[in-house]
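Dumped data-v5.cif below, it's mmCIF, C-alpha atoms and all ligand atoms:
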```cif
data_input
#
loop_
_atom_site.label_atom_id
_atom_site.label_comp_id
_atom_site.auth_asym_id
_atom_site.auth_seq_id
_atom_site.Cartn_x
_atom_site.Cartn_y
_atom_site.Cartn_z
CA MET S 964 116.46 100.76 118.67
CA ILE S 965 112.86 100.75 119.85
CA ARG S 966 110.81 97.64 119.16
CA VAL S 967 107.07 97.54 119.76
CA GLU S 968 105.29 94.21 119.28
CA LYS S 969 101.57 93.50 119.54
CA PHE S 970 101.32 96.52 121.83
CA THR S 971 97.88 96.83 123.40
CA PHE S 972 97.08 99.49 125.98
CA GLY S 973 93.98 100.90 127.62
CA TYR S 974 93.36 103.08 130.65
CA LYS S 975 90.15 101.16 131.37
CA LYS S 976 89.70 97.40 131.23
CA GLY S 977 88.06 96.28 128.00
CA LYS S 978 88.55 99.69 126.33
CA PRO S 979 91.88 99.54 124.52
CA LEU S 980 93.31 102.80 123.24
CA TYR S 981 95.83 100.83 121.15
CA ARG S 982 95.30 97.40 119.66
CA GLU S 983 98.23 95.20 118.66
CA LEU S 984 100.60 97.84 117.33
CA ASP S 985 103.83 96.66 115.70
CA PHE S 986 106.65 98.97 114.71
CA THR S 987 110.39 99.44 115.01
CA LEU S 988 112.32 102.69 115.30
CA GLY S 989 115.97 102.47 114.29
CA SER S 990 119.03 104.52 115.17
CA GLY S 991 120.19 107.55 113.25
CA LYS S 992 116.70 108.83 112.54
CA ILE S 993 114.33 111.53 113.69
CA TYR S 994 110.74 110.30 113.87
CA GLY S 995 107.69 112.54 113.97
CA LEU S 996 104.59 111.19 115.72
CA LEU S 997 101.33 112.78 114.57
CA GLY S 998 97.76 112.19 115.70
CA LYS S 999 94.58 114.10 116.52
CA ASN S 1000 93.87 115.36 120.05
CA GLY S 1001 93.29 112.34 122.23
CA ALA S 1002 94.66 109.88 119.65
CA GLY S 1003 97.11 108.61 122.26
CA LYS S 1004 100.48 110.17 121.36
CA SER S 1005 101.45 111.03 124.95
CA THR S 1006 100.21 107.63 126.11
CA LEU S 1007 102.43 105.86 123.58
CA LEU S 1008 105.47 107.95 124.55
CA LYS S 1009 104.89 107.23 128.25
CA ASN S 1010 104.78 103.50 127.49
CA LEU S 1011 108.10 103.79 125.65
CA ILE S 1012 109.81 105.19 128.72
CA GLY S 1013 108.07 103.02 131.29
CA LEU S 1014 105.74 105.56 132.90
CA LEU S 1015 102.84 103.39 131.70
CA TYR S 1016 102.85 99.64 131.01
CA PRO S 1017 101.38 97.76 128.05
CA THR S 1018 98.21 95.79 128.80
CA SER S 1019 99.69 93.12 126.55
CA GLY S 1020 102.44 92.85 123.98
CA SER S 1021 105.99 94.03 124.47
CA ILE S 1022 108.21 97.08 124.18
CA THR S 1023 111.99 97.02 124.18
CA VAL S 1024 114.20 100.11 124.05
CA ASN S 1025 117.87 99.37 123.38
CA GLY S 1026 117.23 95.87 124.69
CA PHE S 1027 115.61 97.04 127.97
CA ARG S 1028 112.00 96.61 129.05
CA PRO S 1029 111.01 100.21 129.93
CA ARG S 1030 108.49 99.07 132.56
CA ASP S 1031 111.36 97.70 134.69
CA ARG S 1032 112.72 101.29 135.02
CA LYS S 1033 116.24 99.96 135.61
CA PRO S 1034 118.84 102.69 136.29
CA SER S 1035 120.91 101.24 133.43
CA PHE S 1036 117.91 101.92 131.14
CA LEU S 1037 116.98 105.33 132.55
CA ARG S 1038 120.44 106.74 131.93
CA THR S 1039 120.09 105.97 128.20
CA VAL S 1040 116.77 107.76 127.59
CA TYR S 1041 115.50 111.30 128.08
CA PHE S 1042 111.82 112.17 127.97
CA ILE S 1043 110.60 115.76 127.73
CA PRO S 1044 106.91 115.87 128.66
CA GLU S 1045 104.54 118.40 127.15
CA GLU S 1046 104.31 120.32 130.42
CA VAL S 1047 107.78 120.72 131.83
CA TYR S 1048 108.45 121.11 135.53
CA VAL S 1049 111.43 123.00 136.91
CA PRO S 1050 112.33 123.07 140.60
CA SER S 1051 113.28 126.24 142.45
CA LEU S 1052 116.98 125.93 141.59
CA THR S 1053 119.48 127.86 139.53
CA ILE S 1054 120.95 126.23 136.40
CA GLU S 1055 124.02 125.34 138.50
CA GLY S 1056 121.85 123.72 141.16
CA TYR S 1057 119.84 121.82 138.57
CA VAL S 1058 122.98 120.49 136.91
CA ARG S 1059 124.47 119.43 140.27
CA LEU S 1060 121.29 117.53 141.14
CA PHE S 1061 120.29 115.91 137.84
CA ALA S 1062 123.39 115.63 135.61
CA PRO S 1063 124.92 112.76 137.67
CA PHE S 1064 122.08 110.50 136.46
CA TYR S 1065 123.41 110.80 132.90
CA PRO S 1066 126.97 109.54 132.45
CA SER S 1067 127.40 111.21 129.04
CA PHE S 1068 126.21 114.63 130.22
CA ASN S 1069 128.45 117.38 128.86
CA ARG S 1070 128.54 120.78 130.56
CA GLU S 1071 130.14 122.61 127.61
CA MET S 1072 127.40 121.32 125.37
CA LEU S 1073 124.77 122.58 127.81
CA ASN S 1074 126.35 126.05 127.79
CA SER S 1075 126.45 126.06 124.02
CA TYR S 1076 122.81 124.91 123.67
CA LEU S 1077 121.62 127.46 126.24
CA HIS S 1078 123.44 130.14 124.28
CA LYS S 1079 121.94 128.96 120.99
CA LEU S 1080 118.43 128.90 122.47
CA ASP S 1081 118.91 132.25 124.21
CA VAL S 1082 118.48 131.05 127.77
CA GLN S 1083 121.06 132.57 130.08
CA THR S 1084 120.29 133.38 133.63
CA GLU S 1085 121.74 133.45 137.12
CA GLU S 1086 118.21 133.43 138.55
CA LYS S 1087 116.22 130.44 139.73
CA LEU S 1088 114.60 128.46 136.92
CA THR S 1089 111.15 129.11 138.38
CA LYS S 1090 111.62 132.81 137.55
CA LEU S 1091 111.87 132.01 133.82
CA SER S 1092 108.85 132.21 131.52
CA PHE S 1093 107.24 128.92 130.42
CA GLY S 1094 108.93 129.07 127.01
CA GLN S 1095 112.33 129.75 128.59
CA GLN S 1096 111.85 126.89 131.04
CA LYS S 1097 111.02 124.60 128.15
CA LYS S 1098 114.11 125.73 126.25
CA PHE S 1099 116.24 125.09 129.35
CA ILE S 1100 114.90 121.53 129.61
CA ILE S 1101 115.49 120.96 125.87
CA ALA S 1102 119.10 122.18 126.21
CA PHE S 1103 119.64 120.01 129.31
CA ALA S 1104 118.10 116.96 127.59
CA LEU S 1105 120.34 117.35 124.55
CA ALA S 1106 123.43 117.79 126.75
CA CYS S 1107 122.66 114.46 128.46
CA ASN S 1108 123.63 112.74 125.19
CA THR S 1109 121.25 109.83 125.67
CA GLY S 1110 120.84 107.36 122.81
CA VAL S 1111 117.07 107.80 122.89
CA LEU S 1112 115.43 111.20 123.12
CA ILE S 1113 111.64 111.42 123.29
CA MET S 1114 109.86 114.77 123.18
CA ASP S 1115 106.15 115.42 123.61
CA GLU S 1116 105.12 118.62 121.81
CA PRO S 1117 108.54 120.28 122.33
CA THR S 1118 107.69 123.36 120.27
CA ASN S 1119 104.52 124.22 122.21
CA GLY S 1120 105.13 127.50 123.99
CA LEU S 1121 108.18 128.39 121.89
CA ASP S 1122 108.13 131.64 119.93
CA ILE S 1123 108.75 131.61 116.16
CA PRO S 1124 112.53 132.31 116.27
CA SER S 1125 112.93 129.67 119.00
CA LYS S 1126 111.12 127.06 116.90
CA LYS S 1127 113.63 127.67 114.13
CA LYS S 1128 116.55 127.46 116.57
CA PHE S 1129 115.08 124.25 117.98
CA ARG S 1130 114.97 122.65 114.51
CA LYS S 1131 118.52 123.72 113.78
CA LEU S 1132 119.79 122.41 117.09
CA ILE S 1133 118.08 119.03 116.76
CA ALA S 1134 119.44 118.60 113.24
CA SER S 1135 122.94 119.49 114.48
CA ILE S 1136 123.03 116.97 117.34
CA MET S 1137 121.69 114.06 115.31
CA ASN S 1138 124.07 111.18 114.73
CA ASP S 1139 123.95 107.50 113.71
CA SER S 1140 123.62 106.18 117.24
CA ARG S 1141 120.70 108.35 118.33
CA THR S 1142 116.97 107.76 118.00
CA ILE S 1143 114.79 110.84 118.34
CA LEU S 1144 111.00 110.68 118.53
CA ILE S 1145 108.98 113.90 118.57
CA SER S 1146 105.22 114.11 118.92
CA THR S 1147 103.50 117.22 117.64
CA HIS S 1148 100.40 118.86 116.23
CA GLN S 1149 102.50 121.54 114.69
CA THR S 1150 103.43 119.72 111.51
CA ARG S 1151 105.11 122.83 110.13
CA ASP S 1152 107.51 122.82 113.06
CA LEU S 1153 108.80 119.41 112.00
CA GLU S 1154 108.79 119.92 108.25
CA ASN S 1155 112.33 119.45 106.91
CA LEU S 1156 113.51 118.02 110.24
CA ILE S 1157 112.08 114.54 110.49
CA ASP S 1158 113.19 111.50 108.51
CA GLN S 1159 110.15 109.36 109.14
CA VAL S 1160 106.52 110.15 109.95
CA ILE S 1161 104.22 108.01 112.09
CA ILE S 1162 100.49 108.72 112.25
CA VAL S 1163 98.25 107.13 114.88
CA ASP S 1164 94.47 107.26 114.94
CA ASP S 1165 91.72 105.31 116.61
CA GLY S 1166 94.01 102.72 118.20
CA GLU S 1167 95.94 101.99 115.04
CA LEU S 1168 99.19 102.96 113.44
CA LEU S 1169 98.05 104.13 110.01
CA VAL S 1170 101.22 105.48 108.47
CA ASN S 1171 104.89 104.81 109.21
CA THR S 1172 106.89 106.04 106.27
CA PRO S 1173 110.10 107.83 105.36
CA VAL S 1174 109.23 111.43 104.53
CA GLY S 1175 110.98 110.98 101.19
CA ALA S 1176 108.54 108.23 100.21
CA ILE S 1177 105.36 110.30 100.66
CA GLY S 1178 105.60 111.81 97.17
CA GLU S 1179 106.12 108.33 95.66
CA LYS S 1180 102.80 107.12 97.09
CA LEU S 1181 100.61 110.21 96.77
CA SER S 1182 100.30 113.06 94.33
CA LEU S 1183 98.52 116.40 94.18
CA GLN S 1184 96.66 117.57 91.10
CA LEU S 1185 95.06 120.88 90.34
CA VAL S 1186 91.52 120.38 89.01
CA GLU S 1187 89.16 123.09 87.81
CA THR S 1188 86.00 121.05 87.39
CA ASP S 1189 84.51 117.98 89.06
CA GLU S 1190 86.33 114.87 87.91
CA PRO S 1191 84.28 111.96 89.23
CA GLU S 1192 86.73 109.33 87.95
CA LEU S 1193 89.42 110.59 90.36
CA ALA S 1194 89.59 108.71 93.68
CA VAL S 1195 90.17 111.80 95.80
CA LEU S 1196 91.78 111.21 99.20
CA TYR S 1197 91.80 114.82 100.29
CA GLU S 1198 91.23 118.22 98.72
CA GLU S 1199 91.82 121.86 99.44
CA GLU S 1200 90.91 125.13 97.79
CA ALA S 1201 93.52 126.57 95.42
CA VAL S 1202 93.66 129.87 93.54
CA ARG S 1203 92.42 128.35 90.28
CA GLY S 1204 90.27 125.44 91.37
CA ARG S 1205 90.95 122.65 93.83
CA LEU S 1206 94.09 120.81 94.77
CA VAL S 1207 93.23 117.13 95.08
CA MET S 1208 95.33 114.35 96.55
CA VAL S 1209 95.20 110.99 94.85
CA LYS S 1210 97.22 107.78 94.90
CA ASN S 1211 100.33 108.29 92.81
CA GLU S 1212 99.94 105.99 89.84
CA ASN S 1213 102.21 107.68 87.32
CA GLY S 1214 105.48 107.44 89.23
CA LYS S 1215 106.17 111.18 89.04
CA GLU S 1216 107.10 112.53 92.45
CA GLY S 1217 105.54 115.66 93.84
CA LYS S 1218 105.84 117.59 97.07
CA ILE S 1219 103.26 116.85 99.76
CA SER S 1220 103.46 118.60 103.10
CA LEU S 1221 103.14 116.77 106.41
CA GLU S 1222 99.98 118.75 107.06
CA GLN S 1223 98.41 117.55 103.80
CA LEU S 1224 99.44 113.96 104.55
CA PHE S 1225 98.01 114.22 108.07
CA ASN S 1226 94.72 115.72 106.88
CA ALA S 1227 94.33 113.02 104.23
CA THR S 1228 95.06 110.30 106.79
CA VAL S 1229 92.47 111.43 109.31
CA GLU S 1230 89.87 111.96 106.57
CA ASN S 1231 90.55 108.63 104.87
CA PRO S 1232 92.22 106.38 107.41
CA SER S 1233 91.68 103.00 105.77
CA ALA S 1234 92.71 104.19 102.28
CA LEU S 1235 95.90 105.81 103.55
CA LYS S 1236 96.72 102.81 105.73
CA SER S 1237 96.47 100.51 102.76
CA ILE S 1238 98.50 102.81 100.48
CA PHE S 1239 101.36 103.01 102.99
CA ALA S 1240 101.18 99.32 103.95
CA ASN S 1241 102.39 98.37 100.46
N1 LIG S 1301 95.48 109.12 133.11
C1 LIG S 1301 94.48 108.86 132.28
N2 LIG S 1301 93.41 108.14 132.67
C2 LIG S 1301 92.40 107.84 131.82
N3 LIG S 1301 92.35 108.24 130.53
C3 LIG S 1301 93.40 108.95 130.09
C4 LIG S 1301 94.51 109.30 130.93
N4 LIG S 1301 95.40 110.02 130.18
C5 LIG S 1301 94.86 110.12 128.96
N5 LIG S 1301 93.67 109.49 128.89
C6 LIG S 1301 92.81 109.37 127.70
O1 LIG S 1301 93.52 108.64 126.70
C7 LIG S 1301 93.30 109.20 125.42
C8 LIG S 1301 94.66 109.56 124.80
O2 LIG S 1301 95.25 110.61 125.54
P1 LIG S 1301 96.69 111.18 125.16
O3 LIG S 1301 96.98 112.27 126.13
O4 LIG S 1301 97.65 110.06 125.06
O5 LIG S 1301 96.40 111.75 123.70
P2 LIG S 1301 97.26 112.74 122.81
O6 LIG S 1301 97.24 112.20 121.42
O7 LIG S 1301 98.61 112.96 123.41
O8 LIG S 1301 96.38 114.06 122.91
P3 LIG S 1301 96.74 115.61 122.71
O9 LIG S 1301 97.14 115.76 121.28
O10 LIG S 1301 95.45 116.29 123.00
O11 LIG S 1301 97.85 115.95 123.68
C9 LIG S 1301 92.38 110.39 125.61
O12 LIG S 1301 91.07 109.98 125.33
C10 LIG S 1301 92.52 110.72 127.08
O13 LIG S 1301 91.32 111.24 127.61
#
```
In structure tokens, how does this file's structure come out?
Amino acid sequence: MIRVEKFTFGYKKGKPLYRELDFTLGSGKIYGLLGKNGAGKSTLLKNLIGLLYPTSGSITVNGFRPRDRKPSFLRTVYFIPEEVYVPSLTIEGYVRLFAPFYPSFNREMLNSYLHKLDVQTEEKLTKLSFGQQKKFIIAFALACNTGVLIMDEPTNGLDIPSKKKFRKLIASIMNDSRTILISTHQTRDLENLIDQVIIVDDGELLVNTPVGAIGEKLSLQLVETDEPELAVLYEEEAVRGRLVMVKNENGKEGKISLEQLFNATVENPSALKSIFAN
């Protein structure tokens, strides 16, 4: 369980990047964190694992204050940064050095995940390509079996088949006691994987909703002519006219992609915030 209360953070005094954010992330769910470039996704993730500290407000992760960086906390979380770093070691050497920090690390699981992600090598990790290094770190992170797993842009640098394997693997290791938070720009990489979507923009948390509830709140309509009475939140070209997103008032559920939700949110932040607040 991750609890964030009145979280305010800024790199410079008097210039907060986040202002009084409140949210809770429960166990047994995969959360997707979306936001424009520079919105502060990495900054938020780093605060959750104690690499940065809130200016004010509080964060607790499984009852620990991340900023204290207690060993008993660190063994329960794994953070994969956007740019991974691997030392000049073989897989064996890496496991000998880093696995002891994680009491639930499982070597058989690591072998299986490496096999599934197509990373097998006797060579030093530094000889692997960037994508292979990233896949190694993902496999290692999953094999650590931490209750909280936080990934910053994990699919960046992965080829198309690897993205699919990544999704399959994450879905397969999910259980009721785990909390997984993934930040991404690549909304299509997370489609059908995440349970709940969080969108941050301009220091605020605008949307925090189960993916299944998006179609209850918003709907898409195909329009051929201008319809001024429609309160359009977002629109895109379609083969026979325009596809417009409006507040769902008729109760009929439709399918809205994460990309469409994200585009609508950054184009109409206050409207979307208010729709998802209720
Ligand atoms: N160490 C730092 N010192 C000062 N400002 C920083 C630092 N790191 C990030 N920032 C600024 O904070 C803001 C948020 O950055 P952050 O990297 O968290 O955004 P992001 O949403 O992860 O971006 P992207 O999608 O481009 O990776 C940006 O304006 C960035 O310039």
Task: Residue with smallest distance to S:Glu1086 - pool S:Gly1056, S:Cys1107, S:Met1072, S:Lys1236, counting all atoms listed in the file - done: S:Gly1056
Task: Nearest to S:Leu1156 by atom-to-atom distance, counting all atoms listed in the file, from S:Ile1101, S:Leu1132, S:Leu1168, S:Ile1238 - done: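 Checking each candidate against S:Leu1156, we get S:Leu1132 as the closest.
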- [ ] Name the residues, by chain letter and number, that sit within 7 Å of ligand LIG 1301 (chain S) using all atoms listed in the file, and give them as an NGL selection string.
- [x] :S and (974 or 980 or 998-1007 or 1148)
Residues as selected, C-alpha atoms, written as a short mmCIF file (atom, residue, chain, number, x, y, z; two decimals), in the coordinates of the input, can you do that?
```cif
data_model
loop_
_atom_site.label_atom_id
_atom_site.label_comp_id
_atom_site.auth_asym_id
_atom_site.auth_seq_id
_atom_site.Cartn_x
_atom_site.Cartn_y
_atom_site.Cartn_z
CA TYR S 974 93.36 103.08 130.65
CA LEU S 980 93.31 102.80 123.24
CA GLY S 998 97.76 112.19 115.70
CA LYS S 999 94.58 114.10 116.52
CA ASN S 1000 93.87 115.36 120.05
CA GLY S 1001 93.29 112.34 122.23
CA ALA S 1002 94.66 109.88 119.65
CA GLY S 1003 97.11 108.61 122.26
CA LYS S 1004 100.48 110.17 121.36
CA SER S 1005 101.45 111.03 124.95
CA THR S 1006 100.21 107.63 126.11
CA LEU S 1007 102.43 105.86 123.58
CA HIS S 1148 100.40 118.86 116.23
#
```
Which stretch 1125-1232 of chain S residues have any atom within 9 Å of an atom of stretch 1108-1113 of chain S, and for each, what is the nearest pair of atoms with distance in Å to one decimal, counting only C-alpha atoms, rows sorted by chain and number, as JSON lines?
```
{"residue": "S:Ile1136", "atom": "CA", "partner": "S:Asn1108", "partner_atom": "CA", "distance": 8.9}
{"residue": "S:Ser1140", "atom": "CA", "partner": "S:Gly1110", "partner_atom": "CA", "distance": 6.3}
{"residue": "S:Arg1141", "atom": "CA", "partner": "S:Gly1110", "partner_atom": "CA", "distance": 4.6}
{"residue": "S:Thr1142", "atom": "CA", "partner": "S:Val1111", "partner_atom": "CA", "distance": 4.9}
{"residue": "S:Ile1143", "atom": "CA", "partner": "S:Leu1112", "partner_atom": "CA", "distance": 4.8}
{"residue": "S:Leu1144", "atom": "CA", "partner": "S:Ile1113", "partner_atom": "CA", "distance": 4.9}
{"residue": "S:Ile1145", "atom": "CA", "partner": "S:Ile1113", "partner_atom": "CA", "distance": 6.0}
{"residue": "S:Ser1146", "atom": "CA", "partner": "S:Ile1113", "partner_atom": "CA", "distance": 8.2}
```
Check which residues of stretch 1139-1217 of chain S sit at most 12 Å from stretch 1121-1126 of chain S using only C-alpha atoms, and return one row each with the closest pair of atoms and their distance in Å to one decimal, ordered by chain and rising number, as JSON lines.
```
{"residue": "S:Gln1149", "atom": "CA", "partner": "S:Lys1126", "partner_atom": "CA", "distance": 10.5}
{"residue": "S:Thr1150", "atom": "CA", "partner": "S:Lys1126", "partner_atom": "CA", "distance": 11.9}
{"residue": "S:Arg1151", "atom": "CA", "partner": "S:Lys1126", "partner_atom": "CA", "distance": 10.0}
{"residue": "S:Asp1152", "atom": "CA", "partner": "S:Lys1126", "partner_atom": "CA", "distance": 6.8}
{"residue": "S:Leu1153", "atom": "CA", "partner": "S:Lys1126", "partner_atom": "CA", "distance": 9.4}
{"residue": "S:Glu1154", "atom": "CA", "partner": "S:Lys1126", "partner_atom": "CA", "distance": 11.5}
{"residue": "S:Leu1156", "atom": "CA", "partner": "S:Lys1126", "partner_atom": "CA", "distance": 11.5}
```
Task: Two-atom distance - atom CA of S:Leu1224, atom CA of S:Met1208 (Å) - done: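 Interatomic distance, atom CA of S:Leu1224 to atom CA of S:Met1208: 9.0 Å.
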Open item on the list: So that I can see what lies close to S:Val1082, please list as a list in words the residues with an atom at most 8 Å from it, counting all atoms listed in the file and leaving out residues fewer than 6 positions away in the same chain.
Closed with: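 With the cut-off at 8 Å, the set is Gln1095, Lys1098 and Phe1099 of chain S.
Here atom CA of S:Val1049 and atom CA of S:Leu1014 stand 18.8 Å from one another.
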May I have the protein, DNA and RNA residues with any atom at most 7 Å from the point (117.2, 110.4, 111.0), counting all atoms listed in the file, written as a PDB file with C-alpha atoms, keeping the file's coordinate frame?
```pdb
ATOM      1  CA  GLY S 991     120.190 107.550 113.250  1.00  0.00           C
ATOM      2  CA  LYS S 992     116.700 108.830 112.540  1.00  0.00           C
ATOM      3  CA  ILE S 993     114.330 111.530 113.690  1.00  0.00           C
ATOM      4  CA  ILE S1157     112.080 114.540 110.490  1.00  0.00           C
ATOM      5  CA  ASP S1158     113.190 111.500 108.510  1.00  0.00           C
TER       6      ASP S1158
END
```
Open item on the list: Applying 10 Å and only C-alpha atoms, which residues near stretch 1102-1106 of chain S remain after dropping the ones on its own chain fewer than 4 positions away? List them as a PyMOL selection string.
Closed with: chain S and resi 1040-1043+1054+1057-1058+1061-1062+1065+1067-1080+1082+1096-1098+1112-1114+1129+1132-1133+1136-1137
- [ ] Would you work out the distance separating atom CA of S:Lys1180 from atom CA of S:Leu988, expressed in Å to one decimal?
- [x]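 Value for the atom CA of S:Lys1180-atom CA of S:Leu988 distance: 21.0 Å.
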Open item on the list: Here is a test: counting only C-alpha atoms, which residue of S:Asp1081, S:Gly1026, S:Glu1199, S:Tyr981 is nearest to S:Lys1128?
Closed with: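 Among S:Asp1081, S:Gly1026, S:Glu1199, S:Tyr981, it is S:Asp1081 that comes nearest to S:Lys1128.
Counting only C-alpha atoms, the residue from S:Pro1117, S:Pro1029, S:Pro1191, S:Pro1017 that sits nearest to S:Glu968 is S:Pro1017.
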Have stretch 983-1006 of chain S completed to N, CA and C atoms, please, and pass it along as a PDB file, in the coordinates of the input.
```
ATOM      1  N   GLU S 983      97.241  95.996 119.392  1.00  0.00           N
ATOM      2  CA  GLU S 983      98.230  95.200 118.660  1.00  0.00           C
ATOM      3  C   GLU S 983      99.081  95.988 117.683  1.00  0.00           C
ATOM      4  N   LEU S 984      99.717  97.017 118.176  1.00  0.00           N
ATOM      5  CA  LEU S 984     100.600  97.840 117.330  1.00  0.00           C
ATOM      6  C   LEU S 984     101.954  97.155 117.157  1.00  0.00           C
ATOM      7  N   ASP S 985     102.484  97.190 115.957  1.00  0.00           N
ATOM      8  CA  ASP S 985     103.830  96.660 115.700  1.00  0.00           C
ATOM      9  C   ASP S 985     104.610  97.726 114.957  1.00  0.00           C
ATOM     10  N   PHE S 986     105.746  98.113 115.485  1.00  0.00           N
ATOM     11  CA  PHE S 986     106.650  98.970 114.710  1.00  0.00           C
ATOM     12  C   PHE S 986     108.035  98.969 115.337  1.00  0.00           C
ATOM     13  N   THR S 987     109.011  99.384 114.540  1.00  0.00           N
ATOM     14  CA  THR S 987     110.390  99.440 115.010  1.00  0.00           C
ATOM     15  C   THR S 987     110.956 100.805 114.652  1.00  0.00           C
ATOM     16  N   LEU S 988     111.653 101.415 115.579  1.00  0.00           N
ATOM     17  CA  LEU S 988     112.320 102.690 115.300  1.00  0.00           C
ATOM     18  C   LEU S 988     113.825 102.457 115.400  1.00  0.00           C
ATOM     19  N   GLY S 989     114.534 102.745 114.314  1.00  0.00           N
ATOM     20  CA  GLY S 989     115.970 102.470 114.290  1.00  0.00           C
ATOM     21  C   GLY S 989     116.808 103.657 114.728  1.00  0.00           C
ATOM     22  N   SER S 990     118.108 103.447 114.768  1.00  0.00           N
ATOM     23  CA  SER S 990     119.030 104.520 115.170  1.00  0.00           C
ATOM     24  C   SER S 990     119.329 105.430 113.980  1.00  0.00           C
ATOM     25  N   GLY S 991     119.765 106.624 114.303  1.00  0.00           N
ATOM     26  CA  GLY S 991     120.190 107.550 113.250  1.00  0.00           C
ATOM     27  C   GLY S 991     119.039 108.250 112.563  1.00  0.00           C
ATOM     28  N   LYS S 992     117.862 108.203 113.189  1.00  0.00           N
ATOM     29  CA  LYS S 992     116.700 108.830 112.540  1.00  0.00           C
ATOM     30  C   LYS S 992     115.908 109.687 113.505  1.00  0.00           C
ATOM     31  N   ILE S 993     115.254 110.696 112.920  1.00  0.00           N
ATOM     32  CA  ILE S 993     114.330 111.530 113.690  1.00  0.00           C
ATOM     33  C   ILE S 993     112.915 111.159 113.234  1.00  0.00           C
ATOM     34  N   TYR S 994     112.107 110.708 114.185  1.00  0.00           N
ATOM     35  CA  TYR S 994     110.740 110.300 113.870  1.00  0.00           C
ATOM     36  C   TYR S 994     109.761 111.355 114.363  1.00  0.00           C
ATOM     37  N   GLY S 995     108.754 111.615 113.577  1.00  0.00           N
ATOM     38  CA  GLY S 995     107.690 112.540 113.970  1.00  0.00           C
ATOM     39  C   GLY S 995     106.415 111.751 114.207  1.00  0.00           C
ATOM     40  N   LEU S 996     105.827 111.906 115.391  1.00  0.00           N
ATOM     41  CA  LEU S 996     104.590 111.190 115.720  1.00  0.00           C
ATOM     42  C   LEU S 996     103.427 112.168 115.656  1.00  0.00           C
ATOM     43  N   LEU S 997     102.488 111.896 114.750  1.00  0.00           N
ATOM     44  CA  LEU S 997     101.330 112.780 114.570  1.00  0.00           C
ATOM     45  C   LEU S 997     100.047 112.034 114.926  1.00  0.00           C
ATOM     46  N   GLY S 998      99.056 112.779 115.386  1.00  0.00           N
ATOM     47  CA  GLY S 998      97.760 112.190 115.700  1.00  0.00           C
ATOM     48  C   GLY S 998      96.845 113.297 116.192  1.00  0.00           C
ATOM     49  N   LYS S 999      95.544 113.078 116.070  1.00  0.00           N
ATOM     50  CA  LYS S 999      94.580 114.100 116.520  1.00  0.00           C
ATOM     51  C   LYS S 999      94.659 114.233 118.043  1.00  0.00           C
ATOM     52  N   ASN S1000      93.996 115.246 118.592  1.00  0.00           N
ATOM     53  CA  ASN S1000      93.870 115.360 120.050  1.00  0.00           C
ATOM     54  C   ASN S1000      93.247 114.071 120.579  1.00  0.00           C
ATOM     55  N   GLY S1001      93.859 113.530 121.596  1.00  0.00           N
ATOM     56  CA  GLY S1001      93.290 112.340 122.230  1.00  0.00           C
ATOM     57  C   GLY S1001      93.578 111.042 121.487  1.00  0.00           C
ATOM     58  N   ALA S1002      94.374 111.102 120.407  1.00  0.00           N
ATOM     59  CA  ALA S1002      94.660 109.880 119.650  1.00  0.00           C
ATOM     60  C   ALA S1002      95.538 108.925 120.462  1.00  0.00           C
ATOM     61  N   GLY S1003      96.294 109.482 121.402  1.00  0.00           N
ATOM     62  CA  GLY S1003      97.110 108.610 122.260  1.00  0.00           C
ATOM     63  C   GLY S1003      98.612 108.794 122.084  1.00  0.00           C
ATOM     64  N   LYS S1004      99.034 109.945 121.568  1.00  0.00           N
ATOM     65  CA  LYS S1004     100.480 110.170 121.360  1.00  0.00           C
ATOM     66  C   LYS S1004     101.236 110.156 122.693  1.00  0.00           C
ATOM     67  N   SER S1005     100.740 110.969 123.658  1.00  0.00           N
ATOM     68  CA  SER S1005     101.450 111.030 124.950  1.00  0.00           C
ATOM     69  C   SER S1005     101.441 109.664 125.618  1.00  0.00           C
ATOM     70  N   THR S1006     100.329 108.956 125.491  1.00  0.00           N
ATOM     71  CA  THR S1006     100.210 107.630 126.110  1.00  0.00           C
ATOM     72  C   THR S1006     101.265 106.678 125.525  1.00  0.00           C
TER      73      THR S1006
END
```
